[in-house]
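A.B. asks: So I've got this file, protein-v7.csv, and it contains CSV, C-alpha atoms:
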```csv
chain,number,residue,atom,x,y,z
A,1451,MET,CA,-68.8,-12.9,-39.6
A,1452,ALA,CA,-67.2,-16.2,-40.6
A,1453,GLU,CA,-69.6,-17.8,-43.1
A,1454,PRO,CA,-69.8,-21.5,-44.1
A,1455,MET,CA,-67.5,-22.9,-46.7
A,1456,LYS,CA,-68.6,-25.1,-49.6
A,1457,ILE,CA,-66.6,-28.3,-49.7
A,1458,ARG,CA,-66.9,-30.8,-52.5
A,1459,ALA,CA,-64.9,-34.0,-52.4
A,1460,THR,CA,-65.3,-36.6,-55.1
A,1461,LEU,CA,-63.4,-39.9,-55.5
A,1462,GLN,CA,-61.5,-40.5,-58.6
A,1463,GLY,CA,-59.9,-43.9,-58.2
A,1464,ASP,CA,-58.0,-43.8,-54.9
A,1465,VAL,CA,-57.6,-40.0,-55.1
A,1466,ALA,CA,-60.2,-37.6,-53.7
A,1467,ASP,CA,-60.6,-34.4,-55.7
A,1468,VAL,CA,-61.3,-31.7,-53.1
A,1469,ARG,CA,-62.7,-28.3,-54.0
A,1470,ILE,CA,-63.3,-25.7,-51.4
A,1471,LEU,CA,-65.0,-22.3,-51.8
A,1472,MET,CA,-64.6,-19.8,-49.0
A,1473,LEU,CA,-66.4,-16.5,-48.4
A,1474,HIS,CA,-63.9,-13.9,-47.2
A,1475,PRO,CA,-63.2,-10.2,-48.0
A,1476,MET,CA,-59.4,-10.8,-48.3
A,1477,GLU,CA,-58.6,-7.1,-47.9
A,1478,THR,CA,-55.1,-6.3,-48.9
A,1479,GLY,CA,-54.7,-3.2,-46.8
A,1480,ALA,CA,-53.8,-1.2,-49.9
A,1481,ARG,CA,-57.4,-0.4,-51.0
A,1482,ARG,CA,-59.0,2.9,-50.0
A,1483,ASP,CA,-62.8,3.3,-49.3
A,1484,SER,CA,-65.0,6.1,-50.7
A,1485,LYS,CA,-63.8,8.5,-48.0
A,1486,GLY,CA,-60.1,7.9,-49.0
A,1487,ASP,CA,-59.3,6.0,-45.8
A,1488,ILE,CA,-57.3,2.8,-46.1
A,1489,VAL,CA,-59.4,-0.3,-45.6
A,1490,PRO,CA,-57.5,-2.3,-43.0
A,1491,GLN,CA,-56.0,-5.7,-43.9
A,1492,HIS,CA,-58.3,-8.6,-43.4
A,1493,PHE,CA,-57.2,-11.8,-44.9
A,1494,ILE,CA,-57.0,-15.6,-44.3
A,1495,GLN,CA,-53.6,-16.4,-42.8
A,1496,ASN,CA,-53.8,-20.1,-42.2
A,1497,VAL,CA,-55.6,-22.9,-44.0
A,1498,ALA,CA,-55.5,-26.5,-42.8
A,1499,VAL,CA,-57.1,-29.4,-44.5
A,1500,THR,CA,-57.5,-32.7,-42.8
A,1501,HIS,CA,-58.4,-36.2,-44.0
A,1502,ASN,CA,-60.0,-38.2,-41.3
A,1503,GLY,CA,-58.4,-35.9,-38.7
A,1504,LYS,CA,-54.9,-36.2,-40.2
A,1505,THR,CA,-53.5,-32.9,-41.6
A,1506,VAL,CA,-52.8,-33.2,-45.3
A,1507,LEU,CA,-52.4,-29.5,-46.0
A,1508,ASP,CA,-51.2,-26.7,-43.9
A,1509,ALA,CA,-50.9,-23.5,-45.8
A,1510,GLN,CA,-49.9,-19.9,-44.9
A,1511,TRP,CA,-51.7,-17.4,-47.1
A,1512,SER,CA,-51.1,-13.8,-47.7
A,1513,GLN,CA,-53.3,-10.9,-48.9
A,1514,ALA,CA,-52.3,-11.9,-52.5
A,1515,VAL,CA,-55.0,-14.5,-52.6
A,1516,SER,CA,-58.3,-13.2,-54.2
A,1517,ARG,CA,-61.5,-12.4,-52.5
A,1518,ASN,CA,-63.8,-15.4,-51.9
A,1519,PRO,CA,-60.9,-17.8,-52.5
A,1520,PHE,CA,-61.1,-21.2,-54.2
A,1521,LEU,CA,-58.8,-24.0,-53.1
A,1522,GLY,CA,-58.4,-27.2,-55.0
A,1523,LEU,CA,-56.3,-30.2,-53.9
A,1524,ARG,CA,-56.2,-34.0,-54.4
A,1525,VAL,CA,-55.9,-36.3,-51.5
A,1526,LYS,CA,-54.3,-39.7,-52.1
A,1527,GLY,CA,-55.6,-42.9,-50.4
A,1528,ALA,CA,-59.1,-41.5,-49.7
A,1529,LYS,CA,-62.1,-43.8,-49.6
A,1530,ALA,CA,-65.8,-42.9,-49.9
A,1531,GLY,CA,-67.2,-41.7,-46.7
A,1532,ASP,CA,-63.9,-40.3,-45.4
A,1533,LYS,CA,-64.1,-37.0,-43.8
A,1534,ILE,CA,-62.4,-33.9,-45.2
A,1535,GLY,CA,-62.1,-31.0,-42.8
A,1536,VAL,CA,-61.1,-27.5,-43.6
A,1537,THR,CA,-60.2,-24.8,-41.1
A,1538,TRP,CA,-59.1,-21.2,-41.8
A,1539,VAL,CA,-57.9,-18.6,-39.5
A,1540,ASP,CA,-57.7,-14.9,-40.5
A,1541,ASN,CA,-55.5,-12.1,-39.3
A,1542,LYS,CA,-58.2,-10.9,-37.0
A,1543,GLY,CA,-58.4,-14.2,-35.3
A,1544,ASP,CA,-61.7,-15.1,-36.9
A,1545,LYS,CA,-61.9,-18.8,-37.8
A,1546,ARG,CA,-64.2,-21.3,-39.4
A,1547,THR,CA,-64.2,-25.0,-39.6
A,1548,ASP,CA,-66.3,-27.1,-42.0
A,1549,GLU,CA,-66.4,-30.8,-42.8
A,1550,ALA,CA,-67.7,-32.8,-45.7
A,1551,PRO,CA,-67.6,-36.5,-46.6
A,1552,VAL,CA,-65.9,-37.9,-49.7
A,1553,SER,CA,-68.5,-39.0,-52.2
A,1554,ALA,CA,-68.0,-41.8,-54.7
A,1555,SER,CA,-67.9,-40.4,-58.2
B,860,MET,CA,-51.4,-35.2,-52.5
B,861,ARG,CA,-50.9,-33.3,-55.7
B,862,ALA,CA,-51.7,-29.8,-56.7
B,863,ILE,CA,-54.1,-29.1,-59.5
B,864,ALA,CA,-53.3,-26.7,-62.2
B,865,CYS,CA,-55.2,-23.5,-62.6
B,866,ARG,CA,-54.8,-20.2,-64.3
B,867,PHE,CA,-53.6,-17.1,-62.5
B,868,ALA,CA,-52.3,-19.5,-60.0
B,869,LEU,CA,-50.4,-18.7,-56.9
B,870,ALA,CA,-48.5,-21.4,-55.2
B,871,ALA,CA,-49.1,-21.8,-51.5
B,872,ALA,CA,-47.6,-24.8,-49.7
B,873,ALA,CA,-48.3,-27.9,-51.7
B,874,ALA,CA,-51.6,-26.9,-53.2
B,875,VAL,CA,-52.5,-24.3,-55.8
B,876,VAL,CA,-54.7,-21.4,-54.9
B,877,CYS,CA,-56.2,-19.2,-57.5
B,878,GLY,CA,-58.3,-16.1,-57.9
B,879,LEU,CA,-61.2,-16.3,-60.3
B,880,PRO,CA,-60.0,-16.4,-63.9
B,881,TRP,CA,-61.5,-13.7,-66.0
B,882,ALA,CA,-64.0,-15.2,-68.3
B,883,THR,CA,-66.6,-13.6,-70.5
B,884,ALA,CA,-70.1,-14.9,-70.0
B,885,LEU,CA,-70.6,-15.9,-73.6
B,886,SER,CA,-68.7,-16.6,-76.8
B,887,GLN,CA,-69.3,-20.3,-76.8
B,888,GLY,CA,-69.0,-23.0,-79.3
B,889,LYS,CA,-65.3,-22.5,-80.3
B,890,PRO,CA,-63.7,-25.9,-79.8
B,891,ASP,CA,-60.3,-24.8,-78.5
B,892,ASP,CA,-61.6,-21.7,-76.7
B,893,PRO,CA,-59.2,-21.2,-73.7
B,894,LEU,CA,-62.0,-19.3,-71.9
B,895,ALA,CA,-64.2,-22.4,-72.0
B,896,VAL,CA,-61.7,-24.1,-69.7
B,897,GLY,CA,-62.1,-21.3,-67.1
B,898,ARG,CA,-65.8,-21.2,-67.6
B,899,GLN,CA,-66.1,-24.9,-67.0
B,900,MET,CA,-64.2,-24.6,-63.8
B,901,LEU,CA,-66.4,-21.8,-62.6
B,902,ALA,CA,-69.5,-23.7,-63.5
B,903,GLU,CA,-68.4,-26.5,-61.3
B,904,ASP,CA,-67.3,-24.4,-58.4
B,905,ASN,CA,-69.3,-21.2,-58.6
B,906,PRO,CA,-69.0,-19.0,-55.5
B,907,GLY,CA,-72.7,-18.1,-56.1
B,908,GLU,CA,-73.4,-21.4,-54.2
B,909,LEU,CA,-72.3,-19.7,-51.0
B,910,TRP,CA,-75.0,-17.0,-51.5
B,911,ILE,CA,-77.6,-19.7,-52.1
B,912,GLU,CA,-76.8,-21.2,-48.7
B,913,ARG,CA,-77.0,-17.7,-47.2
B,914,GLY,CA,-80.4,-17.1,-48.9
B,915,ARG,CA,-81.7,-20.4,-47.6
B,916,THR,CA,-80.9,-19.4,-44.1
B,917,LEU,CA,-82.5,-16.0,-44.5
B,918,PHE,CA,-85.6,-17.4,-46.1
B,919,TYR,CA,-86.5,-19.7,-43.2
B,920,GLN,CA,-85.3,-17.3,-40.5
B,921,ARG,CA,-87.8,-15.3,-38.5
B,922,ARG,CA,-86.9,-11.7,-39.4
B,923,GLY,CA,-88.1,-8.2,-39.5
B,924,PRO,CA,-90.2,-6.2,-37.0
B,925,LYS,CA,-93.0,-8.8,-37.3
B,926,ASN,CA,-90.5,-11.6,-36.6
B,927,VAL,CA,-91.8,-14.0,-39.3
B,928,SER,CA,-90.1,-16.1,-42.0
B,929,LEU,CA,-90.9,-15.8,-45.7
B,930,GLU,CA,-92.5,-19.2,-45.8
B,931,GLN,CA,-95.9,-17.6,-46.2
B,932,CYS,CA,-94.9,-15.7,-49.3
B,933,ASP,CA,-96.6,-16.6,-52.6
B,934,PHE,CA,-94.3,-16.4,-55.6
B,935,GLY,CA,-97.0,-17.5,-57.9
B,936,ALA,CA,-96.7,-21.3,-57.4
B,937,GLY,CA,-98.8,-21.2,-54.2
B,938,LEU,CA,-98.2,-20.2,-50.6
B,939,GLY,CA,-94.6,-21.0,-49.6
B,940,LYS,CA,-94.1,-23.2,-52.6
B,941,LEU,CA,-90.8,-22.4,-54.2
B,942,GLU,CA,-90.3,-25.3,-56.7
B,943,GLY,CA,-90.7,-23.9,-60.1
B,944,ALA,CA,-91.9,-20.6,-58.8
B,945,THR,CA,-89.6,-18.4,-60.8
B,946,THR,CA,-90.3,-20.1,-64.1
B,947,GLY,CA,-93.5,-18.1,-64.3
B,948,LEU,CA,-92.1,-14.7,-63.3
B,949,PRO,CA,-92.9,-11.9,-63.9
B,950,ARG,CA,-96.6,-12.6,-63.5
B,951,TYR,CA,-99.8,-10.9,-62.4
B,952,PHE,CA,-100.6,-11.1,-58.7
B,953,PRO,CA,-104.2,-10.4,-57.7
B,954,ASP,CA,-103.3,-9.3,-54.1
B,955,THR,CA,-101.2,-6.4,-55.3
B,956,ASP,CA,-103.0,-6.0,-58.6
B,957,ARG,CA,-99.7,-5.7,-60.3
B,958,VAL,CA,-97.4,-7.6,-62.6
B,959,GLN,CA,-94.3,-8.4,-60.4
B,960,ASP,CA,-90.9,-9.9,-61.0
B,961,LEU,CA,-89.1,-12.0,-58.5
B,962,GLU,CA,-87.5,-9.0,-56.7
B,963,SER,CA,-90.5,-6.8,-56.6
B,964,ARG,CA,-92.5,-9.7,-55.2
B,965,LEU,CA,-89.8,-10.4,-52.7
B,966,LEU,CA,-90.0,-6.7,-51.6
B,967,THR,CA,-93.8,-7.0,-51.2
B,968,CYS,CA,-93.4,-10.0,-48.9
B,969,MET,CA,-90.6,-8.5,-46.9
B,970,VAL,CA,-92.8,-5.4,-46.4
B,971,GLU,CA,-96.2,-7.1,-45.9
B,972,LEU,CA,-95.2,-10.2,-44.0
B,973,GLN,CA,-92.0,-9.2,-42.2
B,974,GLY,CA,-92.7,-5.5,-41.7
B,975,PHE,CA,-89.5,-4.1,-43.2
B,976,LYS,CA,-89.7,-0.6,-44.7
B,977,ARG,CA,-89.7,-0.6,-48.4
B,978,GLU,CA,-87.4,2.5,-48.7
B,979,ASP,CA,-84.8,0.7,-46.5
B,980,LEU,CA,-84.9,-2.4,-48.6
B,981,VAL,CA,-84.7,-0.6,-51.9
B,982,LYS,CA,-81.7,1.4,-50.7
B,983,THR,CA,-79.7,-1.7,-49.8
B,984,ALA,CA,-81.1,-4.2,-52.4
B,985,VAL,CA,-78.2,-3.7,-54.7
B,986,SER,CA,-75.2,-4.1,-52.5
B,987,PRO,CA,-72.5,-1.5,-52.6
B,988,ALA,CA,-69.1,-2.2,-54.0
B,989,GLY,CA,-66.8,-3.9,-51.5
B,990,SER,CA,-69.6,-5.4,-49.5
B,991,SER,CA,-70.4,-9.1,-49.3
B,992,GLY,CA,-73.9,-8.8,-50.8
B,993,SER,CA,-77.4,-7.8,-49.7
B,994,ASP,CA,-80.2,-9.9,-48.2
B,995,VAL,CA,-82.4,-9.4,-51.3
B,996,GLU,CA,-79.6,-10.7,-53.6
B,997,SER,CA,-79.1,-13.8,-51.4
B,998,LEU,CA,-82.9,-14.4,-51.2
B,999,ALA,CA,-83.3,-13.9,-55.0
B,1000,ILE,CA,-80.7,-16.4,-55.9
B,1001,TYR,CA,-81.9,-18.9,-53.4
B,1002,ILE,CA,-85.5,-18.7,-54.6
B,1003,THR,CA,-84.4,-19.0,-58.2
B,1004,SER,CA,-82.2,-21.9,-57.4
B,1005,ARG,CA,-85.3,-23.9,-56.3
B,1006,SER,CA,-86.4,-23.8,-60.0
B,1007,ASN,CA,-83.1,-25.1,-61.2
B,1008,GLY,CA,-83.5,-27.6,-64.1
B,1009,MET,CA,-87.0,-26.3,-64.9
B,1010,LYS,CA,-88.1,-24.5,-68.0
B,1011,MET,CA,-89.1,-20.9,-68.1
B,1012,ASN,CA,-92.8,-20.6,-68.8
B,1013,VAL,CA,-94.0,-17.0,-68.6
B,1014,SER,CA,-97.6,-16.6,-69.6
B,1015,LEU,CA,-99.2,-13.5,-71.0
B,1016,GLY,CA,-102.8,-14.7,-70.1
B,1017,HIS,CA,-103.7,-11.7,-68.0
B,1018,GLN,CA,-104.3,-8.4,-69.8
B,1019,LYS,CA,-101.8,-6.6,-67.4
B,1020,GLU,CA,-99.1,-9.2,-68.2
B,1021,PHE,CA,-99.7,-8.6,-71.9
B,1022,ASP,CA,-99.5,-4.9,-71.4
B,1023,MET,CA,-96.3,-5.2,-69.5
B,1024,TYR,CA,-94.8,-7.4,-72.3
B,1025,LYS,CA,-95.8,-4.9,-74.9
B,1026,ALA,CA,-94.3,-2.0,-72.9
B,1027,GLY,CA,-91.1,-4.0,-72.5
B,1028,GLU,CA,-90.9,-4.7,-76.2
B,1029,TYR,CA,-91.4,-1.0,-76.9
B,1030,LEU,CA,-88.7,0.0,-74.4
B,1031,PHE,CA,-86.3,-2.6,-75.8
B,1032,TYR,CA,-86.5,-1.2,-79.3
B,1033,ARG,CA,-87.0,2.5,-78.5
B,1034,ARG,CA,-84.1,4.8,-78.9
B,1035,SER,CA,-84.0,7.3,-76.0
B,1036,GLY,CA,-81.9,9.5,-73.8
B,1037,GLN,CA,-79.0,11.8,-74.5
B,1038,THR,CA,-77.2,9.3,-76.7
B,1039,ASP,CA,-80.4,8.2,-78.6
B,1040,PHE,CA,-79.7,4.7,-77.6
B,1041,ALA,CA,-81.9,1.5,-77.6
B,1042,CYS,CA,-81.2,-1.9,-76.0
B,1043,VAL,CA,-81.5,-3.5,-79.5
B,1044,GLN,CA,-78.5,-1.5,-80.8
B,1045,CYS,CA,-76.2,-3.6,-78.6
B,1046,HIS,CA,-78.3,-6.7,-78.3
B,1047,GLY,CA,-79.9,-7.1,-81.7
B,1048,GLU,CA,-77.0,-8.7,-83.6
B,1049,ALA,CA,-74.7,-11.6,-83.2
B,1050,ASN,CA,-71.0,-11.3,-82.3
B,1051,LYS,CA,-71.1,-7.7,-81.0
B,1052,ARG,CA,-68.9,-6.7,-78.2
B,1053,ILE,CA,-67.8,-3.8,-76.0
B,1054,ARG,CA,-64.0,-4.0,-75.9
B,1055,LEU,CA,-63.6,-7.7,-75.0
B,1056,GLN,CA,-67.0,-8.3,-73.5
B,1057,ASP,CA,-69.3,-10.3,-75.8
B,1058,LEU,CA,-72.8,-8.8,-75.9
B,1059,VAL,CA,-75.7,-11.2,-75.8
B,1060,HIS,CA,-77.7,-11.4,-79.0
B,1061,MET,CA,-81.2,-11.0,-77.5
B,1062,THR,CA,-83.3,-11.0,-80.6
B,1063,ASP,CA,-82.1,-14.6,-81.1
B,1064,LYS,CA,-83.9,-17.3,-79.1
B,1065,LYS,CA,-80.7,-19.0,-77.9
B,1066,GLY,CA,-79.2,-15.7,-76.8
B,1067,VAL,CA,-82.2,-14.5,-74.8
B,1068,GLN,CA,-82.5,-17.9,-73.3
B,1069,GLU,CA,-79.0,-17.6,-72.0
B,1070,VAL,CA,-80.1,-14.4,-70.2
B,1071,THR,CA,-83.3,-15.9,-68.7
B,1072,SER,CA,-81.6,-19.0,-67.4
B,1073,THR,CA,-78.5,-17.6,-65.8
B,1074,TRP,CA,-79.6,-14.7,-63.5
B,1075,PRO,CA,-79.0,-14.1,-60.6
B,1076,ALA,CA,-75.4,-14.7,-61.2
B,1077,TYR,CA,-72.0,-14.4,-59.5
B,1078,ARG,CA,-70.3,-11.3,-60.9
B,1079,GLY,CA,-66.6,-12.0,-60.8
B,1080,ALA,CA,-65.4,-8.5,-60.9
B,1081,HIS,CA,-67.8,-7.5,-58.0
B,1082,PHE,CA,-67.2,-10.6,-55.9
B,1083,VAL,CA,-70.9,-10.7,-55.2
B,1084,VAL,CA,-74.1,-12.1,-56.6
B,1085,ARG,CA,-76.0,-9.7,-58.8
B,1086,THR,CA,-79.6,-9.9,-60.0
B,1087,MET,CA,-81.6,-9.0,-63.1
B,1088,GLN,CA,-82.6,-5.7,-61.5
B,1089,TRP,CA,-79.0,-4.8,-61.2
B,1090,ARG,CA,-78.2,-5.8,-64.7
B,1091,LEU,CA,-80.9,-3.6,-66.1
B,1092,SER,CA,-80.1,-0.6,-64.0
B,1093,ASP,CA,-76.4,-1.0,-65.0
B,1094,CYS,CA,-77.5,-1.1,-68.7
B,1095,PHE,CA,-79.4,2.1,-68.1
B,1096,TRP,CA,-76.4,3.7,-66.6
B,1097,GLN,CA,-74.2,2.6,-69.5
B,1098,MET,CA,-76.7,4.0,-71.9
B,1099,ARG,CA,-76.7,7.3,-70.0
B,1100,LEU,CA,-80.4,7.0,-69.4
B,1101,PRO,CA,-82.1,8.3,-66.2
B,1102,GLU,CA,-81.5,6.1,-63.2
B,1103,LEU,CA,-83.7,3.0,-63.3
B,1104,ASN,CA,-85.6,2.8,-60.0
B,1105,TYR,CA,-85.3,-0.6,-58.3
B,1106,ALA,CA,-88.3,-2.8,-59.0
B,1107,SER,CA,-89.9,-0.1,-61.0
B,1108,ASP,CA,-92.5,-0.9,-63.7
B,1109,VAL,CA,-90.0,0.0,-66.4
B,1110,SER,CA,-87.6,-2.7,-65.1
B,1111,ILE,CA,-90.5,-5.2,-64.8
B,1112,ALA,CA,-91.6,-4.5,-68.3
B,1113,LEU,CA,-88.2,-5.2,-69.7
B,1114,THR,CA,-87.9,-8.3,-67.6
B,1115,THR,CA,-91.3,-9.5,-68.8
B,1116,TYR,CA,-90.3,-9.0,-72.4
B,1117,LEU,CA,-87.0,-10.8,-72.0
B,1118,HIS,CA,-88.3,-13.6,-69.9
B,1119,TYR,CA,-91.2,-14.3,-72.3
B,1120,GLN,CA,-88.8,-14.3,-75.2
B,1121,GLY,CA,-86.7,-16.8,-73.3
B,1122,ASN,CA,-89.5,-19.2,-72.6
B,1123,GLY,CA,-88.3,-22.8,-72.7
B,1124,ALA,CA,-84.9,-21.9,-71.2
B,1125,VAL,CA,-83.8,-24.2,-68.5
B,1126,ILE,CA,-83.0,-22.3,-65.3
B,1127,LYS,CA,-79.4,-22.9,-64.1
B,1128,VAL,CA,-78.3,-20.6,-61.3
B,1129,PRO,CA,-75.9,-19.5,-60.1
B,1130,GLY,CA,-74.8,-18.1,-63.4
B,1131,PHE,CA,-71.3,-16.7,-63.7
B,1132,LYS,CA,-70.6,-13.3,-65.3
B,1133,ARG,CA,-67.2,-11.9,-65.8
```
Rewrite the coordinates I just gave you, this time as structure tokens.

C.D. replies:
Amino acid sequence: MAEPMKIRATLQGDVADVRILMLHPMETGARRDSKGDIVPQHFIQNVAVTHNGKTVLDAQWSQAVSRNPFLGLRVKGAKAGDKIGVTWVDNKGDKRTDEAPVSAS
Amino acid sequence: MRAIACRFALAAAAAVVCGLPWATALSQGKPDDPLAVGRQMLAEDNPGELWIERGRTLFYQRRGPKNVSLEQCDFGAGLGKLEGATTGLPRYFPDTDRVQDLESRLLTCMVELQGFKREDLVKTAVSPAGSSGSDVESLAIYITSRSNGMKMNVSLGHQKEFDMYKAGEYLFYRRSGQTDFACVQCHGEANKRIRLQDLVHMTDKKGVQEVTSTWPAYRGAHFVVRTMQWRLSDCFWQMRLPELNYASDVSIALTTYLHYQGNGAVIKVPGFKR
């Protein structure tokens, strides 16, 4: 189920501009399907971003985040070639980890 | 670490998370257009990219009852050659003796090479609301993405291609159905819109080129990638015309007309539509 993320990290001075696209249904649990049954909650609960293995962001998300979420952040002190890792875990225990190097702009 | 600003933002921990800002596909050129900001962000980080990756996997995977990949499929540029293939579509294919657009050609290959059933493919080609997209949608955007940066160059050299083009032109201008409605009534003038949605001016070279270069596109409100076939069938529904059959000759005729009009447009997928 868990599909790959698209991670783009470009260096701007000593700050890496990190942009992450994730593919996830992010069901709120309030929507009903065509039969009128409630579509069960299914959303990303935890997102962790690492810079060379060190956690720089640890976020708890709710169902208020849109489907196929986009996450943008800036990481200070990054150098070209550094590794940016992203892991998400959803409320069904599904998880996905992807990694991308920081590219010089 | 510092959070970046974005519209419709929702703070979570130290970063900013956002849903996709609503943006109309067109209405460009205004210098302080706030929508342009959102459009720029979407162009840089278009979720359609995720479908391109998925399409790439599907393309090279051995699939279907015959367990083969699509590498032996000819999209008009030669067997298995994808670079620039969609710039010449729709075109005439001698093996099927038909003019085919990208999606009808894709169906042919999935049926002939991989052994899928055409009925099953057609049923699921346009993914239902709430799903995460169909195989055909992913494959279509992947194949088109391999022509990125190249110019549309549809030829009408074959008689059947010319006939298709003429049929498409006729359909584009002909008023039909219970509302006596023609494509040109919405798409024949500049600055027309339905509520807030700008309508593309397709009798204008620049307008029609925008169409030919940006499909398949990520459709924000659907959260999936949509194709030209979907766009046309949705237009037919909006015009209260009979349902447009997937990959039918009517759809291919209209695509041939629009793509030929848009020749010279530089392909840039994934597009983004509101």

A.B. asks: For CA of Leu938 in chain B and CA of Phe1021 in chain B, quote the distance in Å rounded to one decimal.

C.D. replies: 24.3 Å

A.B. asks: Using all atoms listed in the file, can you tell me which of A:Leu1473, A:Val1489, A:Ile1457, A:Ala1466 comes closest to Asp1532 in chain A?

C.D. replies: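 Checking each of A:Leu1473, A:Val1489, A:Ile1457, A:Ala1466 against Asp1532 in chain A, counting all atoms listed in the file, the winner is A:Ala1466.
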
A.B. asks: What is the CA of Ala1124 in chain B-CA of Ile1000 in chain B distance in Å, reported with one decimal?

C.D. replies: 16.8 Å

A.B. asks: Within 12 Å of range 952-958 of chain B, counting only C-alpha atoms, which residues qualify if same-chain residues fewer than 4 places away don't, as a ChimeraX atom specification?

C.D. replies: /B:932-937,947-948,962-964,966-968,971,1013-1024,1106-1115

A.B. asks: Output the contact residues of chain A with respect to chain B at a cut-off of 7 Å, based on all atoms listed in the file, as a ChimeraX atom specification.

C.D. replies: /A:1456,1471,1509-1511,1515-1517,1519-1526

A.B. asks: Could you work out how far CA of Gly992 in chain B lies from CA of Gly974 in chain B, giving the answer in Å with one decimal?

C.D. replies: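 CA of Gly974 in chain B sits 21.1 Å away from CA of Gly992 in chain B.
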
A.B. asks: If we count all atoms listed in the file and set the cut-off at 9 Å, which residues sit around Thr1537 in chain A, ignoring sequence neighbours fewer than 4 positions away in its own chain? Please answer as a PyMOL selection string.

C.D. replies: chain A and resi 1496-1500+1545-1549

A.B. asks: Of the candidates B:Asn1122, B:Thr945, B:Thr1003, B:Ser993, which shows the shortest atom-to-atom distance to Lys1064 in chain B, using all atoms listed in the file?

C.D. replies: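 Using all atoms listed in the file, the shortest distance to Lys1064 in chain B belongs to B:Asn1122.
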
A.B. asks: Need the neighbours of (-79.2, 3.9, -69.4): which residues are at most 10 Å away, counting all atoms listed in the file, as a PDB file with C-alpha atoms, in the frame of the given file?

C.D. replies:
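Below you can see selection25.pdb, which holds the result:
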```
ATOM      1  CA  SER B1035     -84.000   7.300 -76.000  1.00  0.00           C
ATOM      2  CA  GLY B1036     -81.900   9.500 -73.800  1.00  0.00           C
ATOM      3  CA  GLN B1037     -79.000  11.800 -74.500  1.00  0.00           C
ATOM      4  CA  THR B1038     -77.200   9.300 -76.700  1.00  0.00           C
ATOM      5  CA  PHE B1040     -79.700   4.700 -77.600  1.00  0.00           C
ATOM      6  CA  ALA B1041     -81.900   1.500 -77.600  1.00  0.00           C
ATOM      7  CA  CYS B1042     -81.200  -1.900 -76.000  1.00  0.00           C
ATOM      8  CA  LEU B1091     -80.900  -3.600 -66.100  1.00  0.00           C
ATOM      9  CA  SER B1092     -80.100  -0.600 -64.000  1.00  0.00           C
ATOM     10  CA  ASP B1093     -76.400  -1.000 -65.000  1.00  0.00           C
ATOM     11  CA  CYS B1094     -77.500  -1.100 -68.700  1.00  0.00           C
ATOM     12  CA  PHE B1095     -79.400   2.100 -68.100  1.00  0.00           C
ATOM     13  CA  TRP B1096     -76.400   3.700 -66.600  1.00  0.00           C
ATOM     14  CA  GLN B1097     -74.200   2.600 -69.500  1.00  0.00           C
ATOM     15  CA  MET B1098     -76.700   4.000 -71.900  1.00  0.00           C
ATOM     16  CA  ARG B1099     -76.700   7.300 -70.000  1.00  0.00           C
ATOM     17  CA  LEU B1100     -80.400   7.000 -69.400  1.00  0.00           C
ATOM     18  CA  PRO B1101     -82.100   8.300 -66.200  1.00  0.00           C
ATOM     19  CA  GLU B1102     -81.500   6.100 -63.200  1.00  0.00           C
ATOM     20  CA  LEU B1103     -83.700   3.000 -63.300  1.00  0.00           C
TER      21      LEU B1103
END
```

A.B. asks: I need the residue nearest Phe1131 in chain B from this list: B:Val981, B:Leu894, B:Ala902, B:Leu941. Use all atoms listed in the file for the distance.

C.D. replies: B:Ala902

A.B. asks: Restricting the calculation to only C-alpha atoms, which member of B:Arg1005, B:Arg977, B:Arg1085, B:Arg921 is positioned closest to Lys940 in chain B?

C.D. replies: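 Distance minimum relative to Lys940 in chain B lands on B:Arg1005.
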
A.B. asks: With distances taken over all atoms listed in the file, which of A:Val1506, A:Met1476, A:Val1468, A:Ala1452 is nearest to Val1552 in chain A?

C.D. replies: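 Distance minimum relative to Val1552 in chain A lands on A:Val1468.
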
A.B. asks: Write out as a PyMOL selection string which residues come within 10 Å of Thr1073 in chain B when counting all atoms listed in the file, dropping same-chain ones fewer than 4 positions away.

C.D. replies: chain B and resi 884+1003+1007+1068-1069+1077+1086-1087+1124-1132

A.B. asks: Which is closest to Asp1544 in chain A among A:Ser1484, A:Gln1495, A:Gln1462, A:Ser1512, if we use all atoms listed in the file?

C.D. replies: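 Ranking A:Ser1484, A:Gln1495, A:Gln1462, A:Ser1512 by distance to Asp1544 in chain A, first place goes to A:Gln1495.
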
A.B. asks: Could you name the residues that touch Pro1475 in chain A at 7 Å or less, counting all atoms listed in the file, but leaving out those on the same chain fewer than 6 positions away, as a list in words?

C.D. replies: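 Near neighbours after the sequence-gap exclusion: His1492, Phe1493, Arg1517 and Asn1518 of chain A.
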
A.B. asks: Kindly extract all protein, DNA and RNA residues lying within 6 Å of the coordinates (-56.1, -44.1, -52.5) given in the file, considering only C-alpha atoms, and supply them as a PyMOL selection string.

C.D. replies: chain A and resi 1464-1465+1526-1528
